[in-house]
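Undergrad: Mind looking over this structure? Questions follow.
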Amino acid sequence: MARAFLVVMDSLGVGGAPDAGGYFNGDLPDTGANTLGHIAAACAAGQADQGRAGPLRLPNLDALGLGAALRLASGARGAGLDGDPSDLWGVAEERSRGKDTPSGHWELAGLPVPWDWAYFPKTTPCFPDDIVAEVMRLAGTDGILGNEHASGTEIIDRLGAAHQETGWPICYTSVDSVFQIAAHEETFGLDRLLALCAALAPMLHTRRIGRVIARPFSGAPGSYARTANRHDYAIAPPGPTLLDLVQGAGRVTYTIGKIRDIFAGRGVDHAVTGPDAALMEHLGAHVADTADGSLTFANFVEFDSLYGHRRDVAGYARHLEWFDAMLGPILAALRPDDLMILTADHGNDPTWPGTDHTRERVPVLAKGPYSGQIGIRAFADVGASLAAHLGLPNQGPGQSFL
């Protein structure tokens, strides 16, 4: 029986979103943002040679249609990304009014977001007094640190020492609908941080704040580093998704990375987490032995978290080349009737001003028993197509492109 794999390369946009002018990084619109295109251009110009050198080399992804998707989405051409795809390929654009993780993933799974998310104003302080008071009550502290829009790594470097001295949690947000709490795993305690975020989340979910994110870190002043124990407490999807559809049909669902958190555990039978290197091993193992008729849904977050948000062009390029090299044997191990779709949930152009996501189209690259160009589709069409491949009735607004 056919199996399906949906792999999200978190933030690998290919530019060209027609509504990018309505989305901003600071005071500047996202018009012209192009994550893949600008990384490829920087590599070709010798501006991304730290730990690597020369044009961007992605032979496996390009053979699936990555370069072709870039050209279709935005008209850009990436040096070295000029393959002639033989499988199914195209691009997708988001209909939900956001450029955040839940919006992208829910819509890829067939459920566009039916509401406008709530956000915190770009002021300091930015959080309402009652939310601050609730954090203090739950944490058992006399105050909080931060209370602002900030980059997660920057605010830890800036306020980590004060956090360890006072015991106050570091609270911050971004242009996404998130409330993030950073705390030191040893001095504050990992379990205490997770309990704080879990207890706070329901209050914020009622206000349409999409996620409360625990951001544990370790180390000492001058050498703080995030750990792999991040946890997202996300609002539950407001309707059924592809995961629910597959599970409801008596099939097995597997998630890799932060997918379980994004969907609040809904429709998930088995889940594994970890850094991208470990997740790649899990993906290979899942291709080798998951059940017939199953769905595996994976997210590789480090494109976004380690390189996009930190505006690290060379790091993003290195990670893409690593991902491509590791992907080759996994693609070769797919069964003849398997379908693997590789895509993204939004952009995060590391050459763009600011540190936030960018509104972009995304590639849709399929390895399986199909071929041809699908053109420019909706995110929800990805979920509808995976359902069709599994022989399940589509329950959402998407249309299968198979």
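Numbering starts fresh at 1 for the residues of each chain in the structure tokens, the chains themselves are lettered A, B, ... in the order given, and ligands are numbered from 1 as they appear.
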I'd like the neighbourhood of Leu245 in chain A as an NGL selection string, where a residue qualifies if any of its atoms comes within 8 Å (using only C-alpha atoms), though same-chain residues fewer than 5 positions away should be ignored.

TA: :A and (240 or 267 or 392 or 395)

Undergrad: Those residues you just picked out, can you put them in a file as a JSON list (two decimals), in the first residue's frame with N, CA, C and O atoms?

TA:
[["chain", "number", "residue", "atom", "x", "y", "z"],
["A", 240, "PRO", "N", -10.15, 19.78, 11.17],
["A", 240, "PRO", "CA", -9.35, 18.60, 10.83],
["A", 240, "PRO", "C", -8.27, 18.93, 9.81],
["A", 240, "PRO", "O", -8.45, 19.76, 8.93],
["A", 267, "GLY", "N", -3.85, 14.23, 15.89],
["A", 267, "GLY", "CA", -3.63, 13.35, 14.75],
["A", 267, "GLY", "C", -2.29, 12.66, 14.72],
["A", 267, "GLY", "O", -1.94, 12.06, 13.71],
["A", 392, "LEU", "N", -7.41, 8.56, 0.08],
["A", 392, "LEU", "CA", -8.35, 9.08, 1.07],
["A", 392, "LEU", "C", -9.12, 10.27, 0.50],
["A", 392, "LEU", "O", -8.58, 11.03, -0.31],
["A", 395, "GLN", "N", -10.91, 16.46, 2.50],
["A", 395, "GLN", "CA", -11.94, 17.11, 3.30],
["A", 395, "GLN", "C", -11.72, 18.61, 3.42],
["A", 395, "GLN", "O", -12.46, 19.29, 4.13]]

Undergrad: Which residues are close to range 131-137 of chain A, i.e. within 12 Å by only C-alpha atoms, leaving aside same-chain residues fewer than 5 positions away? Reply as a ChimeraX atom specification.

TA: /A:120,125-126,142-148,167-172,179-181,193,195-204,207,209,212

Undergrad: Name all residues at most 7 Å from range 82-95 of chain A (count only C-alpha atoms; drop same-chain ones fewer than 3 positions away) and give them as a list in words.

TA: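 With the cut-off at 7 Å, the set is Ala17, Asp62, Ala63, Leu64, Gly65, Gly67, Ala68, Ala69, Ala73, Pro112, Arg361, Val362, Pro363, Val364, Leu365, Ala366, Lys367, Tyr370, Ser371, Gly372, Gln373, Ile374, Gly375, Ile376, Arg377, Ala378 and Phe379 of chain A.
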
Undergrad: From the list A:Gln399, A:Gly219, A:Val175, A:Asp100, which residue is nearest Ile156 in chain A when using only C-alpha atoms?

TA: A:Gly219

Undergrad: For the helix (DSSP H, G or I) assignment from backbone DSSP, which residues of range 22-90 of chain A qualify? Please present them as an NGL selection string.

TA: :A and (22 or 35-44 or 59-64 or 66-74)
